[in-house]
>>> print(open('query_4.pdb').read())   # PDB, C-alpha atoms
MODEL        1
ATOM      1  CA  MET X   1     -26.756  58.841 -20.469
ATOM      2  CA  ALA X   2     -30.049  57.655 -19.020
ATOM      3  CA  PRO X   3     -30.448  57.394 -15.247
ATOM      4  CA  SER X   4     -29.766  54.039 -13.636
ATOM      5  CA  ILE X   5     -32.080  52.222 -11.275
ATOM      6  CA  ILE X   6     -30.385  52.086  -7.884
ATOM      7  CA  VAL X   7     -31.314  49.525  -5.242
ATOM      8  CA  ASP X   8     -29.715  49.870  -1.834
ATOM      9  CA  ASP X   9     -28.441  46.706  -0.187
ATOM     10  CA  ALA X  10     -30.828  47.270   2.729
ATOM     11  CA  ASP X  11     -33.744  46.790   0.326
ATOM     12  CA  LEU X  12     -32.556  43.336  -0.783
ATOM     13  CA  THR X  13     -34.400  40.801   1.341
ATOM     14  CA  ARG X  14     -33.949  37.469  -0.452
ATOM     15  CA  LEU X  15     -30.857  36.224   1.390
ATOM     16  CA  ILE X  16     -30.294  32.554   2.207
ATOM     17  CA  GLY X  17     -27.646  31.467   4.731
ATOM     18  CA  ALA X  18     -26.687  32.575   8.247
ATOM     19  CA  GLN X  19     -23.377  34.009   7.026
ATOM     20  CA  TRP X  20     -25.109  37.150   5.733
ATOM     21  CA  GLN X  21     -24.769  40.199   7.981
ATOM     22  CA  ARG X  22     -26.262  43.685   7.768
ATOM     23  CA  PHE X  23     -24.450  46.865   8.879
ATOM     24  CA  THR X  24     -26.098  50.261   9.345
ATOM     25  CA  ASN X  25     -23.042  52.290  10.360
ATOM     26  CA  SER X  26     -20.944  52.062   7.186
ATOM     27  CA  SER X  27     -19.995  55.736   6.920
ATOM     28  CA  ALA X  28     -18.567  55.499   3.372
ATOM     29  CA  ALA X  29     -21.577  53.669   1.918
ATOM     30  CA  HIS X  30     -24.711  54.890   0.163
ATOM     31  CA  ASN X  31     -27.267  55.479   2.946
ATOM     32  CA  GLN X  32     -24.570  54.134   5.343
ATOM     33  CA  THR X  33     -25.636  50.502   4.934
ATOM     34  CA  THR X  34     -23.781  47.427   3.664
ATOM     35  CA  THR X  35     -24.524  43.721   3.437
ATOM     36  CA  VAL X  36     -21.670  41.268   4.012
ATOM     37  CA  CYS X  37     -21.366  37.551   3.310
ATOM     38  CA  ARG X  38     -18.789  35.659   5.399
ATOM     39  CA  THR X  39     -17.742  33.014   2.888
ATOM     40  CA  ASP X  40     -15.237  31.601   5.372
ATOM     41  CA  LEU X  41     -18.277  30.170   7.163
ATOM     42  CA  ASN X  42     -19.698  28.433   4.095
ATOM     43  CA  GLY X  43     -20.717  24.877   4.966
ATOM     44  CA  LYS X  44     -19.760  25.207   8.639
ATOM     45  CA  GLY X  45     -22.826  24.149  10.582
ATOM     46  CA  ILE X  46     -26.474  23.729   9.715
ATOM     47  CA  ALA X  47     -27.284  27.439   9.480
ATOM     48  CA  ASN X  48     -24.200  28.325   7.440
ATOM     49  CA  ILE X  49     -25.149  26.510   4.271
ATOM     50  CA  LYS X  50     -22.596  25.542   1.661
ATOM     51  CA  ASP X  51     -23.931  27.916  -0.998
ATOM     52  CA  PRO X  52     -25.313  31.159   0.479
ATOM     53  CA  LYS X  53     -27.501  32.995  -2.010
ATOM     54  CA  LEU X  54     -28.615  36.502  -2.840
ATOM     55  CA  THR X  55     -31.599  36.504  -5.221
ATOM     56  CA  LEU X  56     -32.154  39.587  -7.373
ATOM     57  CA  ASN X  57     -35.399  40.378  -9.150
ATOM     58  CA  LEU X  58     -34.163  42.299 -12.172
ATOM     59  CA  PRO X  59     -36.234  45.281 -13.360
ATOM     60  CA  SER X  60     -34.293  45.173 -16.640
ATOM     61  CA  LEU X  61     -32.610  42.584 -18.866
ATOM     62  CA  LYS X  62     -29.981  45.100 -19.962
ATOM     63  CA  GLY X  63     -27.555  44.279 -17.196
ATOM     64  CA  PHE X  64     -26.580  45.295 -13.691
ATOM     65  CA  THR X  65     -23.555  46.157 -11.563
ATOM     66  CA  LEU X  66     -22.848  45.057  -7.995
ATOM     67  CA  VAL X  67     -21.025  47.851  -6.156
ATOM     68  CA  GLY X  68     -19.225  47.418  -2.850
ATOM     69  CA  THR X  69     -15.823  46.963  -1.258
ATOM     70  CA  GLY X  70     -12.984  45.442  -3.274
ATOM     71  CA  ALA X  71     -11.650  42.237  -1.719
ATOM     72  CA  GLU X  72      -8.848  39.768  -2.324
ATOM     73  CA  ASN X  73      -9.831  36.282  -3.542
ATOM     74  CA  LEU X  74     -13.427  37.351  -4.076
ATOM     75  CA  ARG X  75     -15.325  34.866  -6.215
ATOM     76  CA  LEU X  76     -18.994  35.185  -7.108
ATOM     77  CA  ASN X  77     -20.935  32.530  -8.976
ATOM     78  CA  TYR X  78     -24.304  33.235 -10.495
ATOM     79  CA  THR X  79     -27.213  31.178 -11.778
ATOM     80  CA  PHE X  80     -30.316  32.103 -13.729
ATOM     81  CA  LYS X  81     -33.493  30.430 -12.549
ATOM     82  CA  ASN X  82     -33.894  28.586 -15.839
ATOM     83  CA  ASN X  83     -30.307  27.377 -15.828
ATOM     84  CA  ASP X  84     -28.905  25.284 -12.989
ATOM     85  CA  VAL X  85     -25.317  25.450 -14.221
ATOM     86  CA  PRO X  86     -23.333  27.934 -12.069
ATOM     87  CA  ARG X  87     -21.311  30.507 -13.948
ATOM     88  CA  ASP X  88     -18.154  32.294 -12.831
ATOM     89  CA  GLY X  89     -18.926  35.972 -12.266
ATOM     90  CA  PRO X  90     -16.609  38.569 -13.870
ATOM     91  CA  VAL X  91     -15.262  39.912 -10.578
ATOM     92  CA  SER X  92     -12.825  42.816 -10.179
ATOM     93  CA  LYS X  93      -9.407  41.419  -9.238
ATOM     94  CA  ASP X  94      -7.335  44.610  -9.273
ATOM     95  CA  PRO X  95      -5.259  44.673  -6.054
ATOM     96  CA  GLU X  96      -5.278  48.489  -6.194
ATOM     97  CA  LEU X  97      -8.979  48.345  -5.333
ATOM     98  CA  PHE X  98      -8.826  45.899  -2.422
ATOM     99  CA  GLY X  99     -10.291  47.579   0.652
ATOM    100  CA  LYS X 100     -11.751  50.500  -1.290
ATOM    101  CA  THR X 101     -15.472  51.231  -1.310
ATOM    102  CA  GLY X 102     -17.516  52.099  -4.398
ATOM    103  CA  VAL X 103     -15.827  49.391  -6.494
ATOM    104  CA  GLU X 104     -17.668  47.726  -9.376
ATOM    105  CA  LEU X 105     -17.374  44.195  -8.013
ATOM    106  CA  MET X 106     -19.223  42.438 -10.815
ATOM    107  CA  ALA X 107     -21.080  43.624 -13.907
ATOM    108  CA  LEU X 108     -23.193  41.860 -16.514
ATOM    109  CA  THR X 109     -24.271  43.716 -19.648
ATOM    110  CA  SER X 110     -27.286  41.482 -20.257
ATOM    111  CA  THR X 111     -29.240  38.753 -18.479
ATOM    112  CA  ASP X 112     -31.254  35.717 -19.558
ATOM    113  CA  THR X 113     -34.205  36.170 -17.210
ATOM    114  CA  ASN X 114     -35.583  38.618 -14.658
ATOM    115  CA  THR X 115     -34.260  36.550 -11.743
ATOM    116  CA  ILE X 116     -30.659  35.752 -10.876
ATOM    117  CA  GLU X 117     -28.984  34.128  -7.875
ATOM    118  CA  ILE X 118     -25.593  35.403  -6.705
ATOM    119  CA  VAL X 119     -23.585  32.800  -4.787
ATOM    120  CA  PRO X 120     -20.484  34.124  -2.935
ATOM    121  CA  ASP X 121     -17.894  31.352  -3.072
ATOM    122  CA  SER X 122     -14.750  32.898  -1.562
ATOM    123  CA  GLY X 123     -13.394  36.193  -0.216
ATOM    124  CA  GLN X 124     -15.460  38.689   1.730
ATOM    125  CA  PHE X 125     -18.408  39.946  -0.315
ATOM    126  CA  THR X 126     -19.418  43.429   0.867
ATOM    127  CA  LEU X 127     -22.330  44.874  -1.095
ATOM    128  CA  ASP X 128     -23.350  48.543  -0.977
ATOM    129  CA  TYR X 129     -25.885  48.876  -3.805
ATOM    130  CA  VAL X 130     -26.910  47.503  -7.196
ATOM    131  CA  LEU X 131     -27.212  49.576 -10.384
ATOM    132  CA  PHE X 132     -29.535  48.393 -13.141
ATOM    133  CA  THR X 133     -29.448  49.691 -16.719
ATOM    134  CA  PRO X 134     -33.010  50.504 -17.878
ATOM    135  CA  ASP X 135     -34.238  48.609 -20.960
ATOM    136  CA  LYS X 136     -37.404  50.602 -21.679
ATOM    137  CA  PRO X 137     -38.410  54.280 -21.614
ATOM    138  CA  SER X 138     -41.194  53.980 -19.025
ATOM    139  CA  GLY X 139     -42.660  51.754 -16.337
ATOM    140  CA  TYR X 140     -40.421  52.806 -13.432
ATOM    141  CA  ALA X 141     -43.013  54.045 -10.959
ATOM    142  CA  GLY X 142     -41.776  53.351  -7.445
ATOM    143  CA  GLN X 143     -38.194  52.704  -8.562
ATOM    144  CA  ARG X 144     -35.346  54.794  -7.184
ATOM    145  CA  LEU X 145     -33.518  56.383 -10.121
ATOM    146  CA  MET X 146     -29.956  57.692 -10.041
ATOM    147  CA  SER X 147     -28.445  60.407 -12.264
ATOM    148  CA  ASP X 148     -24.644  60.655 -12.185
ATOM    149  CA  ASP X 149     -22.904  64.059 -12.220
ATOM    150  CA  HIS X 150     -22.091  63.481 -15.929
ATOM    151  CA  ASP X 151     -25.785  63.130 -16.835
ATOM    152  CA  GLY X 152     -26.576  65.245 -19.904
ATOM    153  CA  THR X 153     -29.593  66.979 -18.357
ATOM    154  CA  ILE X 154     -27.569  68.499 -15.517
ATOM    155  CA  LYS X 155     -26.747  72.046 -16.602
ATOM    156  CA  TYR X 156     -23.668  73.643 -15.031
ATOM    157  CA  THR X 157     -22.781  77.332 -15.085
ATOM    158  CA  ALA X 158     -20.136  77.912 -17.761
ATOM    159  CA  GLY X 159     -16.487  78.160 -16.732
ATOM    160  CA  GLN X 160     -17.083  77.284 -13.068
ATOM    161  CA  TRP X 161     -17.192  73.482 -13.053
ATOM    162  CA  SER X 162     -14.743  70.758 -13.986
ATOM    163  CA  LEU X 163     -15.938  67.223 -14.691
ATOM    164  CA  THR X 164     -13.520  64.444 -13.797
ATOM    165  CA  GLU X 165     -13.486  60.787 -14.799
ATOM    166  CA  SER X 166     -11.686  57.650 -13.573
ATOM    167  CA  VAL X 167     -11.411  59.135 -10.083
ATOM    168  CA  VAL X 168      -9.843  57.058  -7.323
ATOM    169  CA  LEU X 169      -9.604  58.475  -3.812
ATOM    170  CA  PRO X 170      -7.424  57.018  -1.034
ATOM    171  CA  ARG X 171     -10.100  54.628   0.235
ATOM    172  CA  ALA X 172     -12.988  54.886  -2.197
ATOM    173  CA  ILE X 173     -14.330  55.454  -5.702
ATOM    174  CA  PRO X 174     -17.227  57.861  -6.290
ATOM    175  CA  MET X 175     -20.358  56.836  -8.179
ATOM    176  CA  LYS X 176     -19.272  55.535 -11.624
ATOM    177  CA  GLY X 177     -15.804  56.969 -10.973
ATOM    178  CA  THR X 178     -16.802  60.571 -11.745
ATOM    179  CA  LEU X 179     -17.149  63.892  -9.904
ATOM    180  CA  ALA X 180     -18.147  67.461 -10.729
ATOM    181  CA  LYS X 181     -16.069  70.085  -8.900
ATOM    182  CA  ALA X 182     -16.546  73.818  -8.273
ATOM    183  CA  THR X 183     -14.610  76.246  -6.078
ATOM    184  CA  ALA X 184     -16.294  79.639  -6.573
ATOM    185  CA  VAL X 185     -19.241  81.163  -4.741
ATOM    186  CA  GLY X 186     -22.105  81.513  -7.215
ATOM    187  CA  ALA X 187     -21.255  78.385  -9.196
ATOM    188  CA  SER X 188     -24.494  76.513  -9.780
ATOM    189  CA  PHE X 189     -26.212  73.680 -11.580
ATOM    190  CA  GLY X 190     -29.793  72.821 -12.364
ATOM    191  CA  VAL X 191     -31.682  69.726 -13.445
ATOM    192  CA  GLU X 192     -35.260  69.021 -14.476
ATOM    193  CA  PHE X 193     -36.756  65.684 -13.488
ATOM    194  CA  THR X 194     -40.146  64.000 -13.561
ATOM    195  CA  GLY X 195     -40.582  62.128 -10.319
ATOM    196  CA  ALA X 196     -40.726  62.707  -6.571
ATOM    197  CA  ASP X 197     -38.540  62.872  -3.459
ATOM    198  CA  ILE X 198     -35.122  64.044  -4.653
ATOM    199  CA  ALA X 199     -31.739  63.692  -2.915
ATOM    200  CA  VAL X 200     -28.313  65.121  -3.788
ATOM    201  CA  TYR X 201     -25.114  63.299  -2.792
ATOM    202  CA  GLY X 202     -21.559  64.579  -2.791
ATOM    203  CA  VAL X 203     -18.065  64.021  -1.494
ATOM    204  CA  VAL X 204     -16.344  66.098   1.202
ATOM    205  CA  ASN X 205     -12.590  66.479   1.603
ATOM    206  CA  SER X 206     -11.421  67.201   5.155
ATOM    207  CA  VAL X 207      -9.219  70.163   4.231
ATOM    208  CA  SER X 208      -9.352  73.610   5.845
ATOM    209  CA  GLY X 209     -12.226  75.976   5.258
ATOM    210  CA  LYS X 210     -16.012  76.112   5.133
ATOM    211  CA  LEU X 211     -18.491  74.948   2.504
ATOM    212  CA  SER X 212     -22.180  75.769   2.060
ATOM    213  CA  ALA X 213     -24.711  75.625  -0.758
ATOM    214  CA  SER X 214     -28.359  76.542  -1.310
ATOM    215  CA  TYR X 215     -30.958  74.195  -2.800
ATOM    216  CA  SER X 216     -34.227  75.283  -4.368
ATOM    217  CA  ILE X 217     -37.105  73.321  -5.919
ATOM    218  CA  ASP X 218     -39.166  74.965  -8.667
ATOM    219  CA  GLY X 219     -37.907  78.433  -7.810
ATOM    220  CA  GLY X 220     -39.225  78.230  -4.262
ATOM    221  CA  PRO X 221     -37.447  79.374  -1.081
ATOM    222  CA  ALA X 222     -33.866  78.123  -0.992
ATOM    223  CA  SER X 223     -32.572  75.894   1.778
ATOM    224  CA  THR X 224     -28.965  76.690   2.694
ATOM    225  CA  MET X 225     -27.040  73.644   3.859
ATOM    226  CA  THR X 226     -23.682  73.797   5.643
ATOM    227  CA  HIS X 227     -21.567  70.894   4.435
ATOM    228  CA  VAL X 228     -18.329  71.852   6.222
ATOM    229  CA  ASN X 229     -18.450  74.222   9.218
ATOM    230  CA  GLY X 230     -14.707  74.735   9.699
ATOM    231  CA  SER X 231     -14.365  72.669  12.874
ATOM    232  CA  GLN X 232     -13.168  69.526  11.076
ATOM    233  CA  ALA X 233      -9.799  67.869  11.762
ATOM    234  CA  VAL X 234      -7.713  68.797   8.724
ATOM    235  CA  SER X 235      -6.510  65.804   6.699
ATOM    236  CA  ALA X 236      -6.212  66.027   2.909
ATOM    237  CA  ASP X 237      -6.288  62.212   2.657
ATOM    238  CA  ASN X 238      -9.657  61.980   4.432
ATOM    239  CA  TRP X 239     -12.625  61.901   2.030
ATOM    240  CA  LEU X 240     -16.214  61.477   3.203
ATOM    241  CA  MET X 241     -18.158  59.558   0.561
ATOM    242  CA  ASN X 242     -21.871  59.454  -0.300
ATOM    243  CA  GLN X 243     -22.656  62.511   1.791
ATOM    244  CA  PRO X 244     -26.372  63.446   1.667
ATOM    245  CA  PHE X 245     -26.041  67.120   0.758
ATOM    246  CA  PHE X 246     -29.791  67.684   0.370
ATOM    247  CA  LYS X 247     -33.035  65.701   0.582
ATOM    248  CA  GLN X 248     -36.579  66.889   0.042
ATOM    249  CA  ASN X 249     -39.940  65.201  -0.327
ATOM    250  CA  VAL X 250     -41.700  66.669  -3.358
ATOM    251  CA  ALA X 251     -45.041  65.779  -4.877
ATOM    252  CA  ALA X 252     -45.111  63.620  -7.991
ATOM    253  CA  GLY X 253     -44.655  65.748 -11.085
ATOM    254  CA  THR X 254     -42.093  67.588 -13.183
ATOM    255  CA  HIS X 255     -39.711  69.705 -11.102
ATOM    256  CA  THR X 256     -36.521  71.721 -11.407
ATOM    257  CA  LEU X 257     -33.749  71.580  -8.807
ATOM    258  CA  ASN X 258     -31.240  74.446  -8.623
ATOM    259  CA  VAL X 259     -28.068  74.284  -6.537
ATOM    260  CA  THR X 260     -25.827  77.323  -5.854
ATOM    261  CA  LEU X 261     -22.599  77.526  -3.851
ATOM    262  CA  THR X 262     -22.974  80.169  -1.131
ATOM    263  CA  GLU X 263     -19.720  79.797   0.843
ATOM    264  CA  VAL X 264     -16.359  78.311  -0.146
ATOM    265  CA  THR X 265     -13.340  79.241   2.002
ATOM    266  CA  GLY X 266      -9.871  77.866   2.666
ATOM    267  CA  ASN X 267      -9.011  74.855   0.529
ATOM    268  CA  GLN X 268     -12.582  73.625   0.220
ATOM    269  CA  SER X 269     -14.271  72.591  -3.023
ATOM    270  CA  TYR X 270     -17.797  71.431  -3.764
ATOM    271  CA  TYR X 271     -17.805  67.874  -5.156
ATOM    272  CA  PHE X 272     -21.123  66.801  -6.633
ATOM    273  CA  ASP X 273     -21.385  63.026  -7.180
ATOM    274  CA  TYR X 274     -24.975  62.011  -8.026
ATOM    275  CA  LEU X 275     -28.650  62.590  -7.320
ATOM    276  CA  THR X 276     -31.586  60.221  -6.853
ATOM    277  CA  PHE X 277     -35.330  60.620  -7.244
ATOM    278  CA  GLN X 278     -38.413  58.429  -7.138
ATOM    279  CA  GLY X 279     -39.862  57.347 -10.458
ATOM    280  CA  ILE X 280     -43.575  57.903 -11.140
ATOM    281  CA  ASP X 281     -46.020  56.829 -13.861
ATOM    282  CA  GLN X 282     -45.114  59.859 -15.989
ATOM    283  CA  THR X 283     -41.351  59.333 -15.776
ATOM    284  CA  GLN X 284     -39.803  58.822 -19.194
ATOM    285  CA  LEU X 285     -36.167  57.748 -19.479
ATOM    286  CA  ASN X 286     -34.066  58.541 -22.504
ATOM    287  CA  ALA X 287     -30.455  58.253 -23.614
ATOM    288  CA  THR X 288     -29.538  61.781 -22.550
ATOM    289  CA  GLY X 289     -30.518  62.135 -18.949
ATOM    290  CA  ALA X 290     -32.964  62.379 -16.060
ATOM    291  CA  GLY X 291     -36.601  61.356 -16.148
ATOM    292  CA  LYS X 292     -38.735  63.495 -18.449
ATOM    293  CA  LYS X 293     -42.488  63.879 -18.786
ATOM    294  CA  SER X 294     -43.965  61.783 -21.565
ATOM    295  CA  ASN X 295     -44.081  63.535 -24.947
ATOM    296  CA  THR X 296     -44.924  61.491 -28.050
ATOM    297  CA  LEU X 297     -43.484  63.936 -30.602
ATOM    298  CA  GLY X 298     -40.386  64.446 -28.512
ATOM    299  CA  ALA X 299     -39.928  60.688 -28.246
ATOM    300  CA  ILE X 300     -40.113  60.306 -32.038
ATOM    301  CA  ILE X 301     -37.638  63.116 -32.649
ATOM    302  CA  GLY X 302     -35.374  61.781 -29.915
ATOM    303  CA  GLY X 303     -35.456  58.316 -31.477
ATOM    304  CA  VAL X 304     -34.450  59.686 -34.879
ATOM    305  CA  ILE X 305     -31.610  61.706 -33.374
ATOM    306  CA  ALA X 306     -30.450  58.711 -31.354
ATOM    307  CA  ALA X 307     -30.424  56.546 -34.494
ATOM    308  CA  ILE X 308     -28.348  59.139 -36.357
ATOM    309  CA  ILE X 309     -25.884  59.360 -33.489
ATOM    310  CA  ILE X 310     -25.553  55.582 -33.300
ATOM    311  CA  LEU X 311     -24.899  55.309 -37.040
ATOM    312  CA  GLY X 312     -22.393  58.164 -36.898
ATOM    313  CA  CYS X 313     -20.516  56.733 -33.978
ATOM    314  CA  CYS X 314     -20.265  53.301 -35.647
ATOM    315  CA  GLY X 315     -20.488  51.541 -32.332
ATOM    316  CA  ALA X 316     -17.916  53.733 -30.609
ATOM    317  CA  TRP X 317     -19.868  53.869 -27.385
ATOM    318  CA  GLY X 318     -18.580  51.693 -24.569
ATOM    319  CA  ARG X 319     -19.168  51.179 -20.903
ATOM    320  CA  LYS X 320     -16.586  52.820 -18.664
ATOM    321  CA  LYS X 321     -14.254  50.569 -16.698
ATOM    322  CA  TYR X 322     -12.586  51.581 -13.452
ATOM    323  CA  TYR X 323     -10.392  48.588 -12.726
ATOM    324  CA  VAL X 324      -6.898  49.922 -13.465
ATOM    325  CA  TYR X 325      -5.450  52.991 -11.782
ATOM    326  CA  GLU X 326      -2.160  54.573 -10.829
ATOM    327  CA  ARG X 327      -1.060  54.496  -7.200
ATOM    328  CA  ARG X 328      -1.856  58.023  -6.037
ATOM    329  CA  PRO X 329      -4.091  59.437  -3.299
ATOM    330  CA  THR X 330      -6.332  61.185  -5.846
ATOM    331  CA  ILE X 331      -6.341  60.783  -9.604
ATOM    332  CA  TYR X 332      -8.143  62.755 -12.260
ATOM    333  CA  VAL X 333      -7.280  60.888 -15.441
ATOM    334  CA  LYS X 334      -9.543  63.075 -17.543
ATOM    335  CA  GLU X 335     -10.818  66.531 -16.657
ATOM    336  CA  THR X 336     -13.251  68.615 -18.687
ATOM    337  CA  ILE X 337     -13.893  72.260 -17.928
ATOM    338  CA  ILE X 338     -17.493  73.310 -18.642
ATOM    339  CA  ALA X 339     -17.147  76.199 -21.102
TER     340      ALA X 339
ENDMDL
END
>>> encode(input="query_4.pdb", output="structure tokens")
Amino acid sequence: MAPSIIVDDADLTRLIGAQWQRFTNSSAAHNQTTTVCRTDLNGKGIANIKDPKLTLNLPSLKGFTLVGTGAENLRLNYTFKNNDVPRDGPVSKDPELFGKTGVELMALTSTDTNTIEIVPDSGQFTLDYVLFTPDKPSGYAGQRLMSDDHDGTIKYTAGQWSLTESVVLPRAIPMKGTLAKATAVGASFGVEFTGADIAVYGVVNSVSGKLSASYSIDGGPASTMTHVNGSQAVSADNWLMNQPFFKQNVAAGTHTLNVTLTEVTGNQSYYFDYLTFQGIDQTQLNATGAGKKSNTLGAIIGGVIAAIIILGCCGAWGRKKYYVYERRPTIYVKETIIA
């Protein structure tokens, strides 16, 4: 899968209505920020207008997903700039997800224009970030790009990682409902990307033990990061989401990141969720993974292969849904061991 464009809620500035609030201490959120609209205040007073609005400038017409906290009675209307008729947004209504973070609140697979207005009508709208599906191979300089743990360009050491899908934790859902898990010292993964300023995010379970990993860019000196030092209060139901495992400013160009587990004791496991990097002029997105340096011949070959795959699959591809789950603290509906 190609990387998504990720826009944090804190970077969305076109908000109309006094009922919008910003929070910078949301521990379970991406970058610990959320934006909340108090719809119970709609139309109450001059500042609290009847129809509060969030305007999105869309970098792609291929669709987007609003991700945040599931809420009862949430209703989101939306309007394209060239169409004044409000439409009912396809909002998640699964009661199992109420109160959980990381929920796909609303998703559109295509849009009419590059501007859309989201109008919260009822329920508490808590937004964490927006994911956009790219609609072209290049032109993403300055955009923050996100590669999920299931991205095809992430190479895991054989036999040491399990990839899980449709994951629901007690109070949250990881990025796109997936995680990559390893438990052995020496387990590693690597990824090549064309961009700048990379960050790795994971999930930490507050069980007993210690957890550390080393991170190296382009074969340079490794930075060892302690993710769990052993002093934590033990609670198997406590999961820390969107943890920034590693961040490094790197110059624009093509780089390779390598991650290796250096300490895993007790009941600890390393849960890799996603990584982000800054797009540059040379970033090329494709259907298989992270940004690659432009290569005309490679693009032609890749296009032919993609066409063959599409014809062979006969339209079998589909976007994952994470709206229906069993009632358990942690669920791995599908698990794949990397052989």
>>> atom_distance(input="query_4.pdb", atom1="CA of Met106 in chain X", atom2="CA of Tyr271 in chain X")
26.1 Å
>>> atom_distance(input="query_4.pdb", atom1="CA of Ile280 in chain X", atom2="CA of Ala196 in chain X")
7.2 Å
>>> closest_atom_pairs(input="query_4.pdb", of="range 217-282 of chain X", to="range 173-185 of chain X", cutoff="10 Å", atoms="only C-alpha atoms", output="tab-separated table")
residue	atom	partner	partner_atom	distance
X:Met241	CA	X:Pro174	CA	7.1
X:Asn242	CA	X:Pro174	CA	7.7
X:Thr260	CA	X:Val185	CA	7.7
X:Leu261	CA	X:Val185	CA	5.0
X:Thr262	CA	X:Val185	CA	5.3
X:Glu263	CA	X:Val185	CA	5.8
X:Val264	CA	X:Val185	CA	6.1
X:Thr265	CA	X:Thr183	CA	8.7
X:Asn267	CA	X:Thr183	CA	8.8
X:Gln268	CA	X:Thr183	CA	7.1
X:Ser269	CA	X:Thr183	CA	4.8
X:Tyr270	CA	X:Ala182	CA	5.3
X:Tyr271	CA	X:Lys181	CA	4.7
X:Phe272	CA	X:Ala180	CA	5.1
X:Asp273	CA	X:Leu179	CA	5.1
X:Tyr274	CA	X:Met175	CA	6.9
>>> resolve_selection(input="query_4.pdb", expression="the PyMOL selection byres ((chain X and resi 206-214) around 7)", output="PyMOL selection string")
chain X and resi 204-205+215-216+222-230+232-236+238-239+259-268
>>> resolve_selection(input="query_4.pdb", expression="the PyMOL selection byres ((chain X and resi 42) around 9)", output="VMD selection string")
chain X and resid 17 19 38 to 41 43 to 45 48 to 52 121 to 122
>>> residues_near_point(input="query_4.pdb", point="(-31.7, 56.7, -14.6)", cutoff="7 Å", atoms="only C-alpha atoms", output="PDB file with C-alpha atoms, in the frame of the given file")
ATOM      1  CA  ALA X   2     -30.049  57.655 -19.020  1.00  0.00           C
ATOM      2  CA  PRO X   3     -30.448  57.394 -15.247  1.00  0.00           C
ATOM      3  CA  SER X   4     -29.766  54.039 -13.636  1.00  0.00           C
ATOM      4  CA  ILE X   5     -32.080  52.222 -11.275  1.00  0.00           C
ATOM      5  CA  LEU X 145     -33.518  56.383 -10.121  1.00  0.00           C
ATOM      6  CA  MET X 146     -29.956  57.692 -10.041  1.00  0.00           C
ATOM      7  CA  SER X 147     -28.445  60.407 -12.264  1.00  0.00           C
ATOM      8  CA  LEU X 285     -36.167  57.748 -19.479  1.00  0.00           C
ATOM      9  CA  ALA X 290     -32.964  62.379 -16.060  1.00  0.00           C
ATOM     10  CA  GLY X 291     -36.601  61.356 -16.148  1.00  0.00           C
TER      11      GLY X 291
END
>>> residues_around(input="query_4.pdb", residues="Asp135 in chain X", least_positions_apart="6", cutoff="9 Å", atoms="only C-alpha atoms", output="count of residues only")
5
>>> atom_distance(input="query_4.pdb", atom1="CA of Thr133 in chain X", atom2="CA of Gly195 in chain X")
17.9 Å
